[in-house]
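Chemist: Input: one structure, supplied below.
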Amino acid sequence: MSLPIAGKPRKGLLVSKMTGKLDGLQAINTNSLTNVFCQAMRKTSAICKDCYSWAMLTGSRKNCAEPWERNGGILSSGPLPARDIPRIDTVLGRFQAHGELINRQHAANLLEIARSNPDTRFGFWTKLPGFVRGMEIPENVTLVYSNPIVDRIMQQPPKGFHKVFNCVTDDRPEINCGPLKCRDCKMCYGRTTGSAVIVEKVKVRT
């Protein structure tokens, strides 16, 4: 919890309690609507053109846009003071369930949060490997490369990553991410849990 400054409460990072497939996890998210990379990728043929985060932040989760925008500003603007590092109370945690890395400082702050919460295992998703390249990754973090190209399964994670997450639009024998909640599956969260190549069928929105 953030401490007050000069008699005024300082708004700190919002730790989100996730629902749906991520039920039972806490996550630190940022605003995909204002992220420059997300905006550019929305105009391509990548998975981002049908971004679930964009749809939620313009629909059922509009109220999350402002605090997640604040998260992005805090995480990308400078080293996070120790007093502002949140406590994560769940066994599994997620970095960037919504949004994308803004810069290397953003990545460094997320890794520092993980170091300060050693009893939680974090899944850290990104499409921007350059922002984590060369950084020391804590043992309780599993780096997951989010492959932006639909229907082209990467057969191994990029250098420095532990997993690669792929999306396909048709039924394939490689699909191994199914209806189980993440807290029960855990494949994406353990470095040696299950396959390093994860494949999910994209849900068609109507």
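Each chain in the structure tokens gets a letter, A, B and so on, in the order shown; residues start at 1 in every chain, and ligands are counted from 1 in the order they appear.
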Write out as a PyMOL selection string the residues lying within 6 Å of Trp68 (chain A), counting only C-alpha atoms and excluding same-chain residues fewer than 5 positions away.

Modeler: chain A and resi 29-31

Chemist: Keeping only N, CA and C atoms, write those residues as a PDB file, in the first residue's frame.

Modeler:
ATOM      1  N   ASN A  29      -1.746  -4.947 -14.620  1.00  0.00           N
ATOM      2  CA  ASN A  29      -2.064  -4.679 -16.015  1.00  0.00           C
ATOM      3  C   ASN A  29      -1.809  -3.216 -16.363  1.00  0.00           C
ATOM      4  N   THR A  30      -1.768  -2.941 -17.655  1.00  0.00           N
ATOM      5  CA  THR A  30      -1.678  -1.567 -18.141  1.00  0.00           C
ATOM      6  C   THR A  30      -2.704  -1.370 -19.253  1.00  0.00           C
ATOM      7  N   ASN A  31      -2.835  -0.151 -19.712  1.00  0.00           N
ATOM      8  CA  ASN A  31      -3.902   0.224 -20.627  1.00  0.00           C
ATOM      9  C   ASN A  31      -3.522  -0.035 -22.082  1.00  0.00           C
TER      10      ASN A  31
END

Chemist: Dump as a Markdown table the rows for residues of region 124-198 of chain A within 9 Å of region 40-47 of chain A: closest atom pair and distance in Å with one decimal, only C-alpha atoms counted, ordered by chain and rising residue number.

Modeler:
| residue | atom | partner | partner_atom | distance |
| --- | --- | --- | --- | --- |
| A:Asn147 | CA | A:Ile47 | CA | 8.4 |
| A:Pro148 | CA | A:Ala46 | CA | 5.2 |
| A:Ile149 | CA | A:Ala46 | CA | 5.1 |
| A:Val150 | CA | A:Ile47 | CA | 5.8 |
| A:Cys167 | CA | A:Ile47 | CA | 7.6 |

Chemist: Which is closer to Leu92 (chain A) than all the others in A:Met187, A:Val202, A:Met154, A:Leu110, using only C-alpha atoms?

Modeler: A:Met187

Chemist: Just how far from CA of His162 (chain A) is CA of Gly134 (chain A), in Å to one decimal?

Modeler: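 Taking CA of Gly134 (chain A) as the start and CA of His162 (chain A) as the end point, the length is 14.2 Å.
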
Chemist: Excluding Phe122 (chain A) and residues on its chain fewer than 6 positions from it, collect all residues at most 9 Å away from it, counting only C-alpha atoms, and give them as a list in words.

Modeler: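 Non-adjacent residues within range: Ala27, Val91, Leu92, Gly93, Arg94, Phe95, Ala114, Asn140, Val141, Thr142, Leu143, Tyr189 and Gly190 of chain A.
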
Chemist: For the residues in that selection, give me N, CA and C atoms as a short mmCIF file (atom, residue, chain, number, x, y, z; two decimals), in the first residue's frame.

Modeler:
data_model
loop_
_atom_site.label_atom_id
_atom_site.label_comp_id
_atom_site.auth_asym_id
_atom_site.auth_seq_id
_atom_site.Cartn_x
_atom_site.Cartn_y
_atom_site.Cartn_z
N ALA A 27 -3.19 -9.80 -10.86
CA ALA A 27 -2.41 -9.37 -12.02
C ALA A 27 -2.11 -7.88 -11.94
N VAL A 91 -1.07 -17.65 -5.26
CA VAL A 91 0.01 -18.57 -5.61
C VAL A 91 0.56 -18.24 -7.00
N LEU A 92 -0.35 -17.91 -7.92
CA LEU A 92 0.05 -17.51 -9.26
C LEU A 92 -0.27 -16.05 -9.49
N GLY A 93 0.62 -15.36 -10.17
CA GLY A 93 0.41 -13.96 -10.54
C GLY A 93 0.66 -13.78 -12.02
N ARG A 94 0.08 -12.73 -12.57
CA ARG A 94 0.22 -12.48 -14.01
C ARG A 94 0.67 -11.05 -14.24
N PHE A 95 1.69 -10.90 -15.06
CA PHE A 95 2.11 -9.58 -15.52
C PHE A 95 1.60 -9.40 -16.95
N ALA A 114 8.31 -9.06 -8.65
CA ALA A 114 8.42 -10.51 -8.50
C ALA A 114 9.44 -10.88 -7.42
N ASN A 140 11.19 -17.04 -9.78
CA ASN A 140 9.73 -17.20 -9.71
C ASN A 140 9.00 -16.53 -10.87
N VAL A 141 9.74 -16.24 -11.95
CA VAL A 141 9.13 -15.64 -13.14
C VAL A 141 9.33 -16.58 -14.33
N THR A 142 8.25 -16.85 -15.04
CA THR A 142 8.31 -17.59 -16.30
C THR A 142 8.02 -16.60 -17.42
N LEU A 143 9.01 -16.39 -18.28
CA LEU A 143 8.86 -15.46 -19.40
C LEU A 143 8.15 -16.16 -20.56
N TYR A 189 2.94 -21.14 -16.25
CA TYR A 189 3.52 -20.46 -15.09
C TYR A 189 4.75 -21.16 -14.52
N GLY A 190 4.94 -22.42 -14.83
CA GLY A 190 6.13 -23.13 -14.36
C GLY A 190 7.11 -23.31 -15.49
#

Chemist: If DSSP is run on the backbone, what residues of region 36-166 of chain A are strand (DSSP E or B)? A reply as a list in words would be ideal.

Modeler: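 The strand (DSSP E or B) subset of region 36-166 of chain A is Leu92, Gly93, Arg94, Phe95, Arg121, Phe122, Gly123, Phe124, Trp125, Thr126, Val141, Thr142, Leu143, Val144, Tyr145, Ser146, Lys163, Val164, Phe165 and Asn166 of chain A.
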
Chemist: Go through A:Ile28, A:Cys177, A:Met56, A:Cys182 and flag the residue nearest Ile85 (chain A), using only C-alpha atoms for the distances.

Modeler: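 Smallest distance to Ile85 (chain A) is found for A:Ile28.
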
Chemist: Write out as a PyMOL selection string the residues lying within 12 Å of Ala65 (chain A), counting only C-alpha atoms and excluding same-chain residues fewer than 6 positions away.

Modeler: chain A and resi 14+29-35+53-59+71-72+98-99

Chemist: Between A:Gly194, A:Gly73, A:Gly160, A:Pro118, single out the one closest to Ile137 (chain A), counting only C-alpha atoms.

Modeler: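 Of the candidates, the smallest distance to Ile137 (chain A) is held by A:Gly160.
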
Chemist: Please extract the residues of region 14-170 of chain A with a backbone DSSP assignment of helix (DSSP H, G or I) and present them as an NGL selection string.

Modeler: :A and (20-22 or 36-41 or 47-50 or 52-57 or 62-77 or 82-84 or 104-115 or 129-131)

Chemist: For Leu128 (chain A), please output as a PyMOL selection string all residues within 9 Å (counting only C-alpha atoms; exclusion window: fewer than 5 positions along the same chain).

Modeler: chain A and resi 100-101+145-146

Chemist: How would the residues just chosen look if you wrote them out with N, CA and C atoms as a short mmCIF file (atom, residue, chain, number, x, y, z; two decimals), in the first residue's frame?

Modeler:
data_model
loop_
_atom_site.label_atom_id
_atom_site.label_comp_id
_atom_site.auth_asym_id
_atom_site.auth_seq_id
_atom_site.Cartn_x
_atom_site.Cartn_y
_atom_site.Cartn_z
N GLU A 100 0.73 -4.02 -22.78
CA GLU A 100 2.05 -4.47 -23.21
C GLU A 100 3.10 -3.59 -22.56
N LEU A 101 4.32 -4.08 -22.53
CA LEU A 101 5.42 -3.29 -21.98
C LEU A 101 5.56 -1.96 -22.70
N TYR A 145 6.77 -15.67 -24.37
CA TYR A 145 6.69 -14.85 -25.60
C TYR A 145 5.33 -15.05 -26.23
N SER A 146 4.63 -13.97 -26.44
CA SER A 146 3.30 -14.01 -27.03
C SER A 146 3.43 -13.84 -28.54
#
